[in-house]
file target.txt (compact mmCIF, C-alpha atoms)
# COMPACT_ATOMS: atom_id res chain seq x y z
CA MET S 3 -1.38 61.24 7.83
CA THR S 4 -4.16 61.60 10.36
CA ASP S 5 -5.38 59.61 13.31
CA ASP S 6 -7.73 56.81 12.25
CA PRO S 7 -8.78 54.81 15.33
CA GLY S 8 -11.28 52.75 13.33
CA ARG S 9 -8.79 51.50 10.79
CA ALA S 10 -8.18 47.77 11.13
CA VAL S 11 -4.75 46.16 11.36
CA PRO S 12 -4.11 44.34 8.03
CA ARG S 13 -3.17 41.05 9.69
CA PRO S 14 -2.56 38.93 6.54
CA ALA S 15 -0.21 41.56 5.15
CA LEU S 16 1.67 41.91 8.42
CA VAL S 17 2.00 38.12 8.68
CA GLY S 18 3.76 38.16 5.31
CA ILE S 19 6.01 41.09 6.22
CA PHE S 20 6.86 39.87 9.72
CA GLY S 21 7.28 36.29 8.49
CA GLY S 22 9.51 37.48 5.66
CA LEU S 23 11.67 39.43 8.08
CA PHE S 24 11.91 36.46 10.46
CA ALA S 25 12.89 34.04 7.68
CA GLY S 26 15.34 36.51 6.18
CA TYR S 27 17.19 37.04 9.44
CA LEU S 28 17.10 33.32 10.16
CA GLY S 29 19.15 32.75 7.01
CA LEU S 30 21.39 35.77 7.52
CA THR S 31 22.38 34.80 11.05
CA ALA S 32 22.61 31.02 10.67
CA VAL S 33 26.21 31.42 9.52
CA ILE S 34 27.33 33.65 12.42
CA PRO S 35 28.22 30.88 14.92
CA VAL S 36 29.71 28.81 12.09
CA LEU S 37 31.99 31.25 10.29
CA PRO S 38 34.77 31.36 12.93
CA ALA S 39 35.24 27.58 12.85
CA PHE S 40 34.93 27.51 9.06
CA LEU S 41 37.58 30.20 8.61
CA ARG S 42 40.00 28.52 10.98
CA ASP S 43 39.39 25.04 9.56
CA ARG S 44 39.44 25.87 5.84
CA HIS S 45 41.57 29.02 5.70
CA ALA S 46 43.73 28.89 8.85
CA ALA S 47 42.48 32.41 9.61
CA GLY S 48 43.51 34.35 12.70
CA ASP S 49 41.33 36.35 15.06
CA LEU S 50 41.63 39.56 13.04
CA VAL S 51 40.40 37.92 9.84
CA VAL S 52 37.59 36.14 11.69
CA GLY S 53 36.43 39.39 13.24
CA LEU S 54 36.56 41.18 9.88
CA VAL S 55 34.56 38.55 8.00
CA VAL S 56 31.89 38.25 10.70
CA THR S 57 31.32 41.98 11.29
CA VAL S 58 31.99 43.56 7.89
CA THR S 59 28.27 43.43 7.03
CA ALA S 60 27.69 46.35 9.38
CA GLY S 61 29.70 48.63 7.10
CA THR S 62 27.48 48.18 4.06
CA ALA S 63 24.33 48.09 6.21
CA LEU S 64 25.27 51.48 7.66
CA LEU S 65 25.70 52.99 4.19
CA VAL S 66 22.85 51.23 2.41
CA ARG S 67 20.00 51.73 4.91
CA PRO S 68 19.28 55.38 3.96
CA VAL S 69 19.56 54.50 0.27
CA ALA S 70 17.24 51.51 0.68
CA GLY S 71 14.71 53.70 2.47
CA ALA S 72 14.80 56.28 -0.31
CA LEU S 73 14.39 53.55 -2.94
CA ALA S 74 11.41 52.19 -1.00
CA ASP S 75 9.86 55.66 -1.10
CA ARG S 76 10.44 55.79 -4.84
CA TYR S 77 9.73 52.27 -6.07
CA GLY S 78 7.57 50.76 -3.34
CA HIS S 79 8.27 48.97 -0.09
CA ARG S 80 7.51 45.45 -1.32
CA THR S 81 9.90 45.78 -4.25
CA VAL S 82 12.85 46.84 -2.13
CA MET S 83 12.13 44.34 0.65
CA LEU S 84 11.85 41.56 -1.94
CA VAL S 85 15.15 42.56 -3.51
CA GLY S 86 16.77 42.48 -0.07
CA ALA S 87 15.52 38.92 0.53
CA LEU S 88 16.75 37.76 -2.89
CA VAL S 89 20.17 39.33 -2.32
CA ALA S 90 20.36 37.49 1.02
CA ALA S 91 19.46 34.23 -0.75
CA LEU S 92 22.14 34.86 -3.37
CA GLY S 93 24.69 35.42 -0.63
CA GLY S 94 23.69 32.12 0.95
CA LEU S 95 24.22 30.33 -2.36
CA LEU S 96 27.66 31.90 -2.78
CA TYR S 97 28.84 30.20 0.42
CA PHE S 98 28.78 26.92 -1.54
CA LEU S 99 31.62 28.13 -3.77
CA PRO S 100 35.27 27.49 -2.79
CA LEU S 101 35.93 31.15 -2.04
CA ALA S 102 39.14 32.69 -0.74
CA VAL S 103 38.95 35.07 2.21
CA PRO S 104 38.76 38.28 0.08
CA ALA S 105 35.83 36.78 -1.83
CA LEU S 106 34.13 35.84 1.46
CA VAL S 107 34.51 39.44 2.58
CA ALA S 108 32.82 40.53 -0.65
CA VAL S 109 29.95 38.09 -0.02
CA ARG S 110 29.53 39.42 3.47
CA LEU S 111 29.44 42.99 2.14
CA LEU S 112 26.73 41.94 -0.30
CA LEU S 113 24.75 40.37 2.54
CA GLY S 114 24.99 43.59 4.53
CA ALA S 115 23.33 45.41 1.64
CA GLY S 116 20.61 42.77 1.42
CA GLU S 117 19.96 42.92 5.15
CA ALA S 118 19.69 46.72 5.03
CA ALA S 119 17.16 46.64 2.19
CA LEU S 120 15.12 43.85 3.80
CA PHE S 121 14.83 45.51 7.20
CA THR S 122 14.44 49.16 6.17
CA ALA S 123 11.80 48.66 3.48
CA GLY S 124 9.84 46.32 5.74
CA ALA S 125 9.90 48.79 8.62
CA VAL S 126 8.45 51.62 6.56
CA TRP S 127 5.95 49.26 4.94
CA THR S 128 4.75 48.19 8.38
CA VAL S 129 4.20 51.79 9.41
CA ALA S 130 2.41 52.57 6.14
CA LEU S 131 -0.04 49.71 6.69
CA ALA S 132 -0.58 50.28 10.41
CA PRO S 133 -3.43 52.31 11.90
CA HIS S 134 -1.98 55.60 13.04
CA HIS S 135 -2.75 54.91 16.70
CA ARG S 136 -0.82 51.59 16.63
CA ARG S 137 2.28 52.49 14.63
CA GLY S 138 4.66 52.46 17.59
CA GLN S 139 3.36 49.08 18.75
CA LEU S 140 3.79 47.52 15.32
CA ILE S 141 7.28 48.97 14.93
CA GLY S 142 8.11 47.18 18.18
CA LEU S 143 6.58 43.89 17.03
CA TYR S 144 8.50 44.20 13.77
CA GLY S 145 11.68 44.32 15.84
CA VAL S 146 10.57 41.25 17.79
CA SER S 147 10.29 39.39 14.46
CA MET S 148 13.85 40.37 13.63
CA TRP S 149 15.24 39.27 17.01
CA GLY S 150 13.26 36.06 16.78
CA GLY S 151 14.89 35.32 13.44
CA ILE S 152 18.32 36.11 14.87
CA SER S 153 17.78 33.80 17.85
CA ALA S 154 16.44 30.95 15.74
CA GLY S 155 19.11 31.42 13.09
CA THR S 156 22.06 31.28 15.44
CA PHE S 157 20.60 28.24 17.21
CA LEU S 158 19.89 26.34 13.98
CA GLY S 159 23.24 27.30 12.49
CA ALA S 160 25.13 25.99 15.51
CA THR S 161 23.03 22.80 15.41
CA LEU S 162 23.51 22.18 11.68
CA GLN S 163 27.25 22.74 12.04
CA GLN S 164 27.32 19.33 13.70
CA VAL S 165 26.08 17.89 10.38
CA SER S 166 28.23 19.86 7.92
CA PHE S 167 29.05 23.35 6.75
CA THR S 168 27.05 22.57 3.59
CA ALA S 169 23.89 22.10 5.67
CA VAL S 170 24.37 25.58 7.14
CA TRP S 171 24.89 27.13 3.70
CA ALA S 172 21.69 25.43 2.51
CA LEU S 173 19.73 27.03 5.36
CA ALA S 174 21.38 30.40 4.65
CA ALA S 175 20.07 30.24 1.08
CA ALA S 176 16.69 28.56 1.65
CA ALA S 177 15.41 30.76 4.49
CA PRO S 178 15.72 34.04 2.52
CA LEU S 179 14.01 32.36 -0.44
CA LEU S 180 11.12 31.55 1.90
CA ALA S 181 11.22 35.18 3.01
CA ALA S 182 10.98 36.31 -0.61
CA ALA S 183 7.97 34.06 -1.17
CA LEU S 184 6.19 35.43 1.90
CA ILE S 185 6.90 39.01 0.89
CA ALA S 186 5.84 38.47 -2.72
CA VAL S 187 2.33 37.34 -1.82
CA VAL S 188 1.56 40.43 0.27
CA PRO S 189 -0.80 42.60 -1.81
CA VAL S 190 0.09 46.23 -2.38
CA PRO S 191 -2.96 48.51 -2.18
CA PRO S 192 -3.38 51.20 -4.88
CA GLY S 193 -2.54 53.94 -2.36
CA GLU S 194 0.75 52.37 -1.25
CA PRO S 195 3.00 55.32 -0.29
CA GLY S 196 6.03 54.18 -2.23
CA ALA S 197 4.04 53.82 -5.43
CA ALA S 198 2.41 57.22 -4.94
CA ALA S 199 5.75 58.85 -4.43
CA ARG S 200 7.40 57.21 -7.42
CA GLY S 201 9.30 59.77 -9.37
CA LYS S 202 8.76 62.43 -6.70
CA SER S 203 11.26 61.44 -4.01
CA ARG S 204 14.69 62.94 -4.34
CA GLY S 205 17.19 60.36 -3.20
CA GLY S 206 18.44 59.94 0.32
CA GLY S 207 20.05 62.36 2.68
CA GLY S 208 22.45 59.91 4.24
CA LEU S 209 22.70 59.99 8.00
CA LEU S 210 22.04 63.73 8.02
CA LEU S 211 18.39 63.60 6.99
CA ARG S 212 16.88 66.11 9.40
CA PRO S 213 13.95 64.13 10.89
CA ALA S 214 16.35 61.28 11.70
CA LEU S 215 19.35 63.19 12.99
CA LEU S 216 18.51 63.85 16.64
CA PRO S 217 16.41 60.72 17.30
CA GLY S 218 19.17 58.72 15.63
CA THR S 219 21.76 60.32 17.88
CA ALA S 220 19.67 59.37 20.92
CA LEU S 221 19.47 55.79 19.60
CA ALA S 222 23.24 55.69 19.13
CA LEU S 223 23.67 56.87 22.73
CA GLY S 224 21.29 54.17 23.94
CA ALA S 225 23.33 51.57 22.05
CA ALA S 226 26.28 52.15 24.38
CA GLY S 227 24.57 50.26 27.20
CA TYR S 228 23.66 47.33 24.99
CA ALA S 229 27.21 47.11 23.60
CA GLY S 230 28.67 47.10 27.11
CA LEU S 231 26.19 44.55 28.45
CA ALA S 232 26.63 42.15 25.54
CA ALA S 233 30.43 42.33 25.58
CA PHE S 234 31.32 42.53 29.27
CA VAL S 235 28.58 41.36 31.63
CA VAL S 236 29.98 37.80 31.66
CA LEU S 237 33.51 39.03 32.39
CA HIS S 238 32.21 41.54 34.94
CA LEU S 239 30.37 38.92 36.98
CA ASP S 240 33.22 36.44 36.68
CA ALA S 241 35.62 39.08 38.03
CA ARG S 242 33.32 39.55 41.03
CA GLY S 243 33.18 35.82 41.68
CA ILE S 244 29.47 35.73 40.84
CA GLY S 245 29.49 34.04 37.44
CA SER S 246 26.41 33.12 35.36
CA GLY S 247 26.60 36.28 33.24
CA VAL S 248 24.92 34.37 30.41
CA LEU S 249 21.80 34.17 32.60
CA VAL S 250 21.72 37.96 32.82
CA LEU S 251 21.96 38.23 29.02
CA SER S 252 19.24 35.62 28.58
CA CYS S 253 16.91 37.47 30.96
CA PHE S 254 17.68 40.74 29.18
CA SER S 255 16.78 39.21 25.80
CA ALA S 256 13.59 37.57 27.06
CA VAL S 257 12.37 40.73 28.76
CA TYR S 258 13.33 42.81 25.72
CA ALA S 259 10.96 40.77 23.54
CA GLY S 260 8.29 40.33 26.20
CA THR S 261 8.06 44.05 26.91
CA ARG S 262 7.20 44.78 23.30
CA LEU S 263 4.59 42.06 23.27
CA VAL S 264 2.91 43.17 26.51
CA ILE S 265 3.26 46.97 26.63
CA GLY S 266 4.43 47.77 23.11
CA HIS S 267 1.39 50.04 22.69
CA LEU S 268 2.68 52.61 25.20
CA PRO S 269 4.47 54.88 22.66
CA ASP S 270 1.16 55.24 20.81
CA LYS S 271 -0.92 55.68 23.97
CA LEU S 272 1.35 57.94 26.04
CA GLY S 273 3.38 59.58 23.29
CA PRO S 274 6.84 58.70 21.95
CA ARG S 275 8.67 61.56 23.69
CA ARG S 276 7.54 60.52 27.14
CA VAL S 277 8.10 56.79 26.62
CA ALA S 278 11.52 57.31 25.01
CA ALA S 279 12.65 59.40 27.98
CA TRP S 280 11.34 56.87 30.51
CA SER S 281 12.86 53.99 28.55
CA ALA S 282 16.31 55.54 28.39
CA ALA S 283 16.12 56.41 32.09
CA GLY S 284 15.14 52.81 32.85
CA GLU S 285 18.10 51.57 30.83
CA ALA S 286 20.39 53.82 32.89
CA VAL S 287 18.97 52.49 36.16
CA GLY S 288 19.33 48.89 35.03
CA LEU S 289 22.94 49.34 33.93
CA THR S 290 23.77 50.98 37.25
CA ILE S 291 22.31 48.01 39.10
CA VAL S 292 24.42 45.64 37.01
CA ALA S 293 27.56 47.69 37.68
CA LEU S 294 27.04 47.58 41.45
CA ALA S 295 25.49 44.11 41.75
CA PRO S 296 26.88 42.19 44.77
CA ASN S 297 25.23 38.90 43.77
CA LEU S 298 23.47 37.12 40.91
CA PRO S 299 19.83 37.97 41.81
CA VAL S 300 20.66 41.68 41.83
CA ALA S 301 22.57 41.36 38.53
CA VAL S 302 19.60 39.57 36.97
CA ALA S 303 17.29 42.30 38.25
CA GLY S 304 19.56 44.85 36.60
CA GLY S 305 19.41 42.94 33.33
CA VAL S 306 15.61 42.83 33.54
CA VAL S 307 15.31 46.57 34.19
CA THR S 308 17.73 47.28 31.35
CA GLY S 309 15.72 45.05 29.01
CA VAL S 310 12.42 46.74 29.87
CA GLY S 311 13.87 50.20 29.32
CA PHE S 312 15.88 49.45 26.21
CA SER S 313 13.01 47.55 24.58
CA LEU S 314 10.78 50.57 23.95
CA LEU S 315 13.52 53.10 23.22
CA HIS S 316 13.89 52.20 19.54
CA PRO S 317 10.18 52.14 18.59
CA SER S 318 9.54 55.38 20.49
CA LEU S 319 12.36 57.21 18.73
CA ALA S 320 11.36 55.65 15.39
CA LEU S 321 7.83 56.96 15.89
CA MET S 322 9.26 60.45 16.41
CA VAL S 323 11.07 60.12 13.09
CA MET S 324 7.97 58.95 11.25
CA ASN S 325 5.83 61.71 12.78
CA ARG S 326 8.25 64.36 11.55
CA ALA S 327 9.12 63.08 8.09
CA GLU S 328 7.20 63.98 4.96
CA PRO S 329 5.09 61.05 3.72
CA THR S 330 7.21 60.75 0.57
CA ARG S 331 10.44 60.73 2.63
CA GLN S 332 9.56 58.33 5.44
CA GLY S 333 11.55 55.46 3.94
CA ALA S 334 14.69 57.55 3.66
CA ALA S 335 14.11 58.91 7.17
CA ILE S 336 13.68 55.52 8.85
CA GLY S 337 16.64 54.16 6.89
CA ALA S 338 18.84 57.00 8.09
CA TYR S 339 17.55 56.59 11.65
CA THR S 340 18.26 52.86 11.71
CA SER S 341 21.79 53.50 10.46
CA PHE S 342 22.53 55.23 13.74
CA TRP S 343 22.15 51.84 15.45
CA ASP S 344 24.93 50.44 13.27
CA LEU S 345 26.98 53.56 13.88
CA GLY S 346 26.44 53.34 17.63
CA LEU S 347 27.61 49.73 17.81
CA ALA S 348 30.61 50.52 15.59
CA VAL S 349 31.64 53.33 17.93
CA TRP S 350 30.76 51.87 21.32
CA GLY S 351 32.24 48.44 20.67
CA PRO S 352 35.85 49.66 20.70
CA VAL S 353 35.13 52.48 23.19
CA THR S 354 33.75 50.12 25.83
CA GLY S 355 36.70 47.82 25.21
CA LEU S 356 39.06 50.71 25.87
CA VAL S 357 37.16 51.68 29.02
CA ALA S 358 37.34 48.10 30.30
CA ALA S 359 41.07 47.92 29.59
CA ARG S 360 41.96 51.30 31.10
CA LEU S 361 39.52 51.38 34.02
CA ASP S 362 37.41 48.36 35.01
CA TYR S 363 34.24 46.52 34.09
CA PRO S 364 31.86 48.57 36.29
CA ALA S 365 33.06 51.65 34.43
CA VAL S 366 31.76 50.13 31.19
CA PHE S 367 28.24 50.05 32.60
CA GLY S 368 28.72 53.50 34.11
CA VAL S 369 29.51 54.89 30.65
CA GLY S 370 26.47 53.13 29.24
CA ALA S 371 24.25 54.56 32.00
CA ALA S 372 25.59 58.08 31.39
CA CYS S 373 24.88 57.76 27.67
CA ALA S 374 21.36 56.51 28.43
CA VAL S 375 20.75 59.55 30.64
CA ALA S 376 21.92 61.74 27.75
CA ALA S 377 19.53 59.88 25.43
CA ALA S 378 16.66 60.50 27.86
CA ALA S 379 17.42 64.22 27.98
CA MET S 380 17.68 64.39 24.19
CA ALA S 381 14.38 62.52 23.73
CA THR S 382 12.63 64.99 26.03
CA TRP S 383 14.07 67.91 24.11
CA ILE S 384 13.60 66.76 20.51
CA GLY S 385 10.07 65.52 21.09
CA ARG S 386 8.66 69.03 21.27
CA PRO S 387 7.43 70.35 17.92
CA ALA S 388 9.04 73.39 16.42
CA ALA S 389 7.14 76.64 16.70
CA GLY S 390 4.65 77.10 13.91
CA THR S 391 4.33 73.46 12.93
CA GLY S 392 0.98 73.08 14.56
CA GLY S 393 1.72 69.51 15.35
CA THR S 394 1.34 68.43 11.74
CA GLY S 395 2.00 64.75 11.27
CA MET S 396 2.01 63.96 14.97
CA SER S 397 -0.12 61.40 16.72
CA GLY S 398 -2.86 62.51 19.08
CA SER S 399 -0.84 61.52 22.13
CA GLU S 400 2.15 63.48 20.86
CA ARG S 401 0.04 66.60 20.34
CA THR S 402 -1.15 66.19 23.92
CA GLU S 403 2.49 66.07 25.00
CA ALA S 404 3.22 69.22 23.03
CA ARG S 405 0.36 71.14 24.62
CA ALA S 406 1.43 69.97 28.07
CA ALA S 407 4.97 71.14 27.41

call {"tool": "encode", "arguments": {"input": "target.txt", "output": "structure tokens"}}
result
Amino acid sequence: MTDDPGRAVPRPALVGIFGGLFAGYLGLTAVIPVLPAFLRDRHAAGDLVVGLVVTVTAGTALLVRPVAGALADRYGHRTVMLVGALVAALGGLLYFLPLAVPALVAVRLLLGAGEAALFTAGAVWTVALAPHHRRGQLIGLYGVSMWGGISAGTFLGATLQQVSFTAVWALAAAAPLLAAALIAVVPVPPGEPGAAARGKSRGGGGLLLRPALLPGTALALGAAGYAGLAAFVVLHLDARGIGSGVLVLSCFSAVYAGTRLVIGHLPDKLGPRRVAAWSAAGEAVGLTIVALAPNLPVAVAGGVVTGVGFSLLHPSLALMVMNRAEPTRQGAAIGAYTSFWDLGLAVWGPVTGLVAARLDYPAVFGVGAACAVAAAAMATWIGRPAAGTGGTGMSGSERTEARAA
């Protein structure tokens, strides 16, 4: 793939893809604030069962993402993304049945597979349609669509719970059906990479697919700060007598989305290696500010700095993956890379809990900052092309980085 500054952004196609992702995640996450009350009310479930049912989707998502990416390479991005939306809709319909807890776990596992297919195929499709000089920006905007769906879904789910559980299940089924409709109307050009590669791609490589391994590891390290902030900033500020930790999280989320909207083009313009390193360093600074904050304004400032840094880390690292993967393997590569996010949250969730229990809350943010520094160092290192590659597959800004190095 070569630089093509004159190539236009296919806006109608991206509206369908981004809209499909938004609607899909709206349905997937509408049940999240509702499931705990449903399990306690209908099944007298304890905390362990509630936690299992709510989070078990991450297990199948972790395993299915690389497979979904490889299938998108082989059979086409629209096909796999459409299947993911339909699986999510089926899962929503299954909530209507009088299921026992084991069956609910099975439904949640199915939904994890649908979510993995929906997100991974759409991500690679977005990159395939994007002009080369705007791929990083559009990867970031794709993520904003996902987070927008998550925010709207959790809000609507909590609101509809006041009506009935049935109303929530209806939204969980209807929204992915809308997603499928939006995805289905997006035209696939004759040169669509997945179609061209059909029959030529050789399955996935799991998490160990080479172009994804080191960027994915950096992403997993960056996830430590997010896991600590989401889980413990409220308790941390309460323990300091400051309170209002939810405000810090809200500012983090708003800045996270706003950064991608305003300066999401920086990975394309300045190069993914440089922006990934700066982003991870910014995350580390922000987490340190939160850890040491003596009052709410300083804590909010820390959340803002963390949000700005963390926002561009994922698209920058993803752009590294795409620049280094063969065209017929980009789906498998981005699927494997994204799985490191699930892996990072699975690891850092309990680790930060252990740190908080054994040490204190500031130590949680200290661990996250140290991991972010490690991610910055890794991004700087892995961004340099191997000797003899000649910069093949890299963006113009990344080749500039390589020459400067």

call {"tool": "residues_around", "arguments": {"input": "target.txt", "residues": "S:Ala372", "least_positions_apart": "4", "cutoff": "7 Å", "atoms": "only C-alpha atoms", "output": "PyMOL selection string"}}
result
chain S and resi 286+368+376

call {"tool": "residues_around", "arguments": {"input": "target.txt", "residues": "stretch 58-72 of chain S", "least_positions_apart": "2", "cutoff": "8 Å", "atoms": "all atoms listed in the file", "output": "PyMOL selection string"}}
result
chain S and resi 54-56+74-76+82+107+110-115+117-119+122-123+126+203-209+331-342+344-345

call {"tool": "closest_residue", "arguments": {"input": "target.txt", "among": "S:Pro35, S:Pro296, S:Gly245, S:Gly227", "to": "S:Leu347", "atoms": "only C-alpha atoms"}}
result
S:Gly227

call {"tool": "atom_distance", "arguments": {"input": "target.txt", "atom1": "atom CA of S:Ala87", "atom2": "atom CA of S:Leu120"}}
result
5.9 Å

call {"tool": "atom_distance", "arguments": {"input": "target.txt", "atom1": "atom CA of S:Ala225", "atom2": "atom CA of S:Ile19"}}
result
25.7 Å

call {"tool": "closest_residue", "arguments": {"input": "target.txt", "among": "S:Ser313, S:Gln163, S:Asn325, S:Thr128", "to": "S:Pro38", "atoms": "all atoms listed in the file"}}
result
S:Gln163

call {"tool": "closest_residue", "arguments": {"input": "target.txt", "among": "S:Trp280, S:Phe167, S:Tyr228, S:Trp127", "to": "S:Ala381", "atoms": "only C-alpha atoms"}}
result
S:Trp280

call {"tool": "atom_distance", "arguments": {"input": "target.txt", "atom1": "atom CA of S:Arg262", "atom2": "atom CA of S:Arg137"}}
result
12.6 Å

call {"tool": "closest_residue", "arguments": {"input": "target.txt", "among": "S:Leu272, S:Leu95, S:Leu249, S:Ala46", "to": "S:Ala169", "atoms": "all atoms listed in the file"}}
result
S:Leu95

call {"tool": "closest_residue", "arguments": {"input": "target.txt", "among": "S:Gly288, S:Pro317, S:Pro299, S:Gly311", "to": "S:Ile244", "atoms": "all atoms listed in the file"}}
result
S:Pro299

call {"tool": "closest_residue", "arguments": {"input": "target.txt", "among": "S:Val188, S:Gln139, S:Ala320, S:Val349", "to": "S:Leu215", "atoms": "all atoms listed in the file"}}
result
S:Ala320

call {"tool": "axis_aligned_box", "arguments": {"input": "target.txt", "around": "stretch 126-131 of chain S", "padding_each_side": "4 Å", "output": "JSON"}}
result
{"center_x": 4.2, "center_y": 50.4, "center_z": 7.2, "size_x": 16.5, "size_y": 12.4, "size_z": 12.5}

call {"tool": "residues_around", "arguments": {"input": "target.txt", "residues": "S:Phe312", "least_positions_apart": "6", "cutoff": "7 Å", "atoms": "all atoms listed in the file", "output": "JSON, numbers by chain"}}
result
{"S": [281, 282, 285]}

call {"tool": "write_last_selection", "arguments": {"input": "target.txt", "atoms": "C-alpha atoms", "output": "PDB file, in the coordinates of the input"}}
result
ATOM      1  CA  SER S 281      12.860  53.990  28.550  1.00  0.00           C
ATOM      2  CA  ALA S 282      16.310  55.540  28.390  1.00  0.00           C
ATOM      3  CA  GLU S 285      18.100  51.570  30.830  1.00  0.00           C
TER       4      GLU S 285
END

call {"tool": "residues_near_point", "arguments": {"input": "target.txt", "point": "(15.8, 24.1, 9.1)", "cutoff": "12 Å", "atoms": "all atoms listed in the file", "output": "MDAnalysis selection string"}}
result
chainID S and resid 25 28:29 32 154:163 169:178 180

call {"tool": "residues_near_point", "arguments": {"input": "target.txt", "point": "(-0.8, 38.7, 3.8)", "cutoff": "12 Å", "atoms": "all atoms listed in the file", "output": "ChimeraX atom specification"}}
result
/S:11-22,80,128,131,183-191

call {"tool": "residues_around", "arguments": {"input": "target.txt", "residues": "stretch 253-256 of chain S", "least_positions_apart": "3", "cutoff": "9 Å", "atoms": "only C-alpha atoms", "output": "number ranges by chain"}}
result
S: 149, 248-250, 259-261, 302-310

call {"tool": "build_atoms", "arguments": {"input": "target.txt", "residues": "stretch 262-273 of chain S", "atoms": "N, CA and C atoms", "output": "tab-separated table (two decimals), in the coordinates of the input"}}
result
chain	number	residue	atom	x	y	z
S	262	ARG	N	7.87	44.31	24.51
S	262	ARG	CA	7.20	44.78	23.30
S	262	ARG	C	5.88	44.06	23.06
S	263	LEU	N	5.82	42.82	23.45
S	263	LEU	CA	4.59	42.06	23.27
S	263	LEU	C	3.50	42.52	24.23
S	264	VAL	N	3.89	42.87	25.47
S	264	VAL	CA	2.91	43.17	26.51
S	264	VAL	C	2.55	44.66	26.56
S	265	ILE	N	3.54	45.53	26.50
S	265	ILE	CA	3.26	46.97	26.63
S	265	ILE	C	3.82	47.75	25.45
S	266	GLY	N	3.91	47.09	24.30
S	266	GLY	CA	4.43	47.77	23.11
S	266	GLY	C	3.54	48.88	22.60
S	267	HIS	N	2.32	48.98	23.12
S	267	HIS	CA	1.39	50.04	22.69
S	267	HIS	C	1.65	51.36	23.40
S	268	LEU	N	2.51	51.39	24.39
S	268	LEU	CA	2.68	52.61	25.20
S	268	LEU	C	3.16	53.82	24.39
S	269	PRO	N	4.09	53.68	23.43
S	269	PRO	CA	4.47	54.88	22.66
S	269	PRO	C	3.29	55.51	21.94
S	270	ASP	N	2.35	54.70	21.47
S	270	ASP	CA	1.16	55.24	20.81
S	270	ASP	C	0.21	55.87	21.83
S	271	LYS	N	0.06	55.23	22.98
S	271	LYS	CA	-0.92	55.68	23.97
S	271	LYS	C	-0.43	56.90	24.75
S	272	LEU	N	0.82	56.88	25.17
S	272	LEU	CA	1.35	57.94	26.04
S	272	LEU	C	2.18	58.97	25.29
S	273	GLY	N	2.55	58.67	24.07
S	273	GLY	CA	3.38	59.58	23.29
S	273	GLY	C	4.82	59.14	23.25
